[in-house]
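Asks: Right, I'll just put the structure down here and ask away after.
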Amino acid sequence: MALENYLRQRRSIPSAPLLLLALGALFASTPGWSQLIPGSMDVHWNEGSPDCAKNQQAPLQVHAYNSQTFILRENLCRTFEAPFLYLLVGSAKALLVDTGDVADPKTMPLADTVASLLPGEGPAKLPLLVVHTHRHLDHRAGDAQFAKLPKVQVVGFDIDSVRSFYNLADWPNGVAQINLGDRIVDAIPTPGHNETEISFYDRNTGLFLSGDFLLPARLLIDNTRADLASAQRVAAFVKNRPVSFVLGGHIEQNSAGDLFRWESQYHPREHVLQMSKDDLLSLPAAIRSFNGFYTVRGKFTMENSIHILIASAVLAVAAIFVLSWLLVRYLRRRKLQTATQEDG
Ligand SMILES: [Zn+2]
Ligand SMILES: [Zn+2]
């Protein structure tokens, strides 16, 4: 007993508490669920209205996921796109992902709302970095509201600005980091829906912000090969990382998984916003099954609107050609019959 006490004092034999501490330190060095800062997705998003003239809902709905993380959604009656925007607050800087579909601050007071959520007053206000998931107008129309604000940097939305900001040598391979102080956000290029698409992984909360790359809505795929490569890169990225929720840019499904009519401004019994790590991991297989026009696989509805448009145009031209040919044939026959009758 005396020898054991002596050795413990010399730290040769760790005691049970010391062993637990050592094990704790070991687990702390590998990222895991236990380390994530928790948050809540217990929110009911405003559903818009069948008659938008009577809509009384706020232009911008704000949900505090936790005290440093905010999810904002534009009112369905101000824009059928009703995009989701994300504000992540760090100790040195805040990050706004997307600026929505409405430019006019009177219709959509985005910059004022974001400013009210940032810590600090006047010159001590926390600096803000504004980035986009991609260049489509419904994700950047609010940029102008931030352009003249002090301590705000708005990253350009065109492919050259995006590539130069994230500075990846082998775009779209690789992962860039945005440092907000005590909060690191990984930026992962995910082209396919659009060539400028970026997804974001917040190491503090485990939130994966997927824009229009993965969402409870139509997956609009412009470039299948690029989209598949993105899905494979993302699956490899999240494989050994904890993901609390996957949060996209829109909701277009109801709770049964059926799509609302395109441009619908009324979403009764809407699907929840959040998707899961499993959804991210099953995306490559779904994209592999995409026929390039329209494919439904499980919960994923994949569409290439340009291909559908071209195919529709080709079908319309072919139909006109066939109808014209049938008409000419009919007229010729009639002419021939008339001539035969006259001869008879
Ligand atoms: Zn888009
Ligand atoms: Zn969008």
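In the structure tokens, chains take letters A, B, ... by order of appearance, with residues numbered from 1 within each chain and ligands from 1 in the order shown.
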Set the cut-off to 6 Å, count only C-alpha atoms and all ligand atoms, and list whatever residues fall near ligand 2 as a PyMOL selection string.
Replies: chain A and resi 138+212+249
Asks: Store the residues picked out above, limited to all heavy atoms, as an mmCIF file, in the first residue's frame.
Replies:
```
data_model
loop_
_atom_site.group_PDB
_atom_site.id
_atom_site.type_symbol
_atom_site.label_atom_id
_atom_site.label_comp_id
_atom_site.auth_asym_id
_atom_site.auth_seq_id
_atom_site.Cartn_x
_atom_site.Cartn_y
_atom_site.Cartn_z
ATOM 1 N N ASP A 138 -31.824 34.819 -55.881
ATOM 2 C CA ASP A 138 -32.568 34.639 -54.630
ATOM 3 C C ASP A 138 -31.664 34.422 -53.419
ATOM 4 O O ASP A 138 -32.152 34.289 -52.292
ATOM 5 C CB ASP A 138 -33.580 33.474 -54.753
ATOM 6 C CG ASP A 138 -32.941 32.176 -55.211
ATOM 7 O OD1 ASP A 138 -32.214 32.182 -56.217
ATOM 8 O OD2 ASP A 138 -33.175 31.133 -54.554
ATOM 9 N N ASP A 212 -28.540 25.379 -52.102
ATOM 10 C CA ASP A 212 -29.434 24.656 -53.026
ATOM 11 C C ASP A 212 -28.817 23.329 -53.477
ATOM 12 O O ASP A 212 -29.310 22.694 -54.400
ATOM 13 C CB ASP A 212 -29.744 25.527 -54.255
ATOM 14 C CG ASP A 212 -30.682 26.672 -53.905
ATOM 15 O OD1 ASP A 212 -31.035 26.810 -52.719
ATOM 16 O OD2 ASP A 212 -31.069 27.434 -54.817
ATOM 17 N N GLY A 249 -31.335 25.996 -48.450
ATOM 18 C CA GLY A 249 -31.765 27.346 -48.794
ATOM 19 C C GLY A 249 -33.263 27.539 -48.945
ATOM 20 O O GLY A 249 -33.740 28.688 -48.924
#
```
Asks: DSSP says helix (DSSP H, G or I) for which residues of region 92-141 of chain A? Put them as a list in words?
Replies: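 Answer for region 92-141 of chain A restricted to helix (DSSP H, G or I) is Leu110, Ala111, Asp112, Thr113, Val114, Ala115, Ser116, Leu117, Gly122, Pro123, Ala124, Leu137, Asp138, His139 and Ala141 of chain A.
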Asks: Take the residues that were just selected and, keeping N, CA and C atoms, output them as a PDB file, in the first residue's frame.
Replies:
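As written to disk, part.pdb reads:
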```
ATOM      1  N   LEU A 110     -33.461  43.482 -44.084  1.00  0.00           N
ATOM      2  CA  LEU A 110     -32.458  42.460 -43.756  1.00  0.00           C
ATOM      3  C   LEU A 110     -31.263  43.049 -42.999  1.00  0.00           C
ATOM      4  N   ALA A 111     -30.645  44.098 -43.582  1.00  0.00           N
ATOM      5  CA  ALA A 111     -29.432  44.636 -42.956  1.00  0.00           C
ATOM      6  C   ALA A 111     -29.728  45.141 -41.543  1.00  0.00           C
ATOM      7  N   ASP A 112     -30.860  45.814 -41.351  1.00  0.00           N
ATOM      8  CA  ASP A 112     -31.227  46.309 -40.018  1.00  0.00           C
ATOM      9  C   ASP A 112     -31.410  45.153 -39.042  1.00  0.00           C
ATOM     10  N   THR A 113     -32.069  44.097 -39.518  1.00  0.00           N
ATOM     11  CA  THR A 113     -32.315  42.939 -38.637  1.00  0.00           C
ATOM     12  C   THR A 113     -30.995  42.284 -38.249  1.00  0.00           C
ATOM     13  N   VAL A 114     -30.121  42.087 -39.251  1.00  0.00           N
ATOM     14  CA  VAL A 114     -28.824  41.451 -38.974  1.00  0.00           C
ATOM     15  C   VAL A 114     -28.031  42.318 -37.997  1.00  0.00           C
ATOM     16  N   ALA A 115     -28.021  43.652 -38.237  1.00  0.00           N
ATOM     17  CA  ALA A 115     -27.278  44.564 -37.353  1.00  0.00           C
ATOM     18  C   ALA A 115     -27.803  44.463 -35.918  1.00  0.00           C
ATOM     19  N   SER A 116     -29.124  44.304 -35.773  1.00  0.00           N
ATOM     20  CA  SER A 116     -29.691  44.240 -34.420  1.00  0.00           C
ATOM     21  C   SER A 116     -29.298  42.950 -33.699  1.00  0.00           C
ATOM     22  N   LEU A 117     -28.916  41.932 -34.471  1.00  0.00           N
ATOM     23  CA  LEU A 117     -28.528  40.655 -33.859  1.00  0.00           C
ATOM     24  C   LEU A 117     -27.045  40.604 -33.500  1.00  0.00           C
ATOM     25  N   GLY A 122     -22.566  50.880 -32.041  1.00  0.00           N
ATOM     26  CA  GLY A 122     -21.815  51.931 -32.742  1.00  0.00           C
ATOM     27  C   GLY A 122     -20.502  51.411 -33.285  1.00  0.00           C
ATOM     28  N   PRO A 123     -19.393  52.120 -32.987  1.00  0.00           N
ATOM     29  CA  PRO A 123     -18.090  51.708 -33.542  1.00  0.00           C
ATOM     30  C   PRO A 123     -17.629  50.354 -33.002  1.00  0.00           C
ATOM     31  N   ALA A 124     -18.214  49.912 -31.884  1.00  0.00           N
ATOM     32  CA  ALA A 124     -17.791  48.627 -31.290  1.00  0.00           C
ATOM     33  C   ALA A 124     -18.561  47.446 -31.874  1.00  0.00           C
ATOM     34  N   LEU A 137     -29.926  34.869 -57.958  1.00  0.00           N
ATOM     35  CA  LEU A 137     -30.413  36.127 -57.396  1.00  0.00           C
ATOM     36  C   LEU A 137     -31.132  35.955 -56.061  1.00  0.00           C
ATOM     37  N   ASP A 138     -31.824  34.819 -55.881  1.00  0.00           N
ATOM     38  CA  ASP A 138     -32.568  34.639 -54.630  1.00  0.00           C
ATOM     39  C   ASP A 138     -31.664  34.422 -53.419  1.00  0.00           C
ATOM     40  N   HIS A 139     -30.340  34.412 -53.647  1.00  0.00           N
ATOM     41  CA  HIS A 139     -29.394  34.249 -52.541  1.00  0.00           C
ATOM     42  C   HIS A 139     -28.510  35.481 -52.355  1.00  0.00           C
ATOM     43  N   ALA A 141     -29.818  39.007 -53.559  1.00  0.00           N
ATOM     44  CA  ALA A 141     -30.493  40.261 -53.906  1.00  0.00           C
ATOM     45  C   ALA A 141     -30.359  41.312 -52.804  1.00  0.00           C
TER      46      ALA A 141
END
```
Asks: Check which residues of chain A sit at most 7 Å from ligand 1 using only C-alpha atoms and all ligand atoms, and return one row each with the closest pair of atoms and their distance in Å to one decimal, ordered by chain and rising number, as CSV.
Replies:
```
residue,atom,partner,partner_atom_place_in_ligand_line,distance
A:His134,CA,ligand 1,1 (Zn),6.7
A:His136,CA,ligand 1,1 (Zn),5.0
A:His193,CA,ligand 1,1 (Zn),6.5
A:Asn194,CA,ligand 1,1 (Zn),6.7
A:Asp212,CA,ligand 1,1 (Zn),5.3
```
Asks: Can you pull out the residues contacting Leu309 (chain A)? Cut-off 12 Å, using only C-alpha atoms, and skip same-chain residues under 5 positions away; I want them as a list in words.
Replies: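 Contacts, in chain order: Gly292, Phe293, Tyr294, Glu303, Asn304, Val314, Leu315 and Ala316 of chain A.
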Asks: Go through A:Leu273, A:Leu214, A:Leu88, A:Val162 one by one, measure the shortest atom-to-atom distance of each to Asp182 (chain A) using only C-alpha atoms, and give the residue with the smallest value.
Replies: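 Of all the options, A:Leu88 lies closest to Asp182 (chain A).
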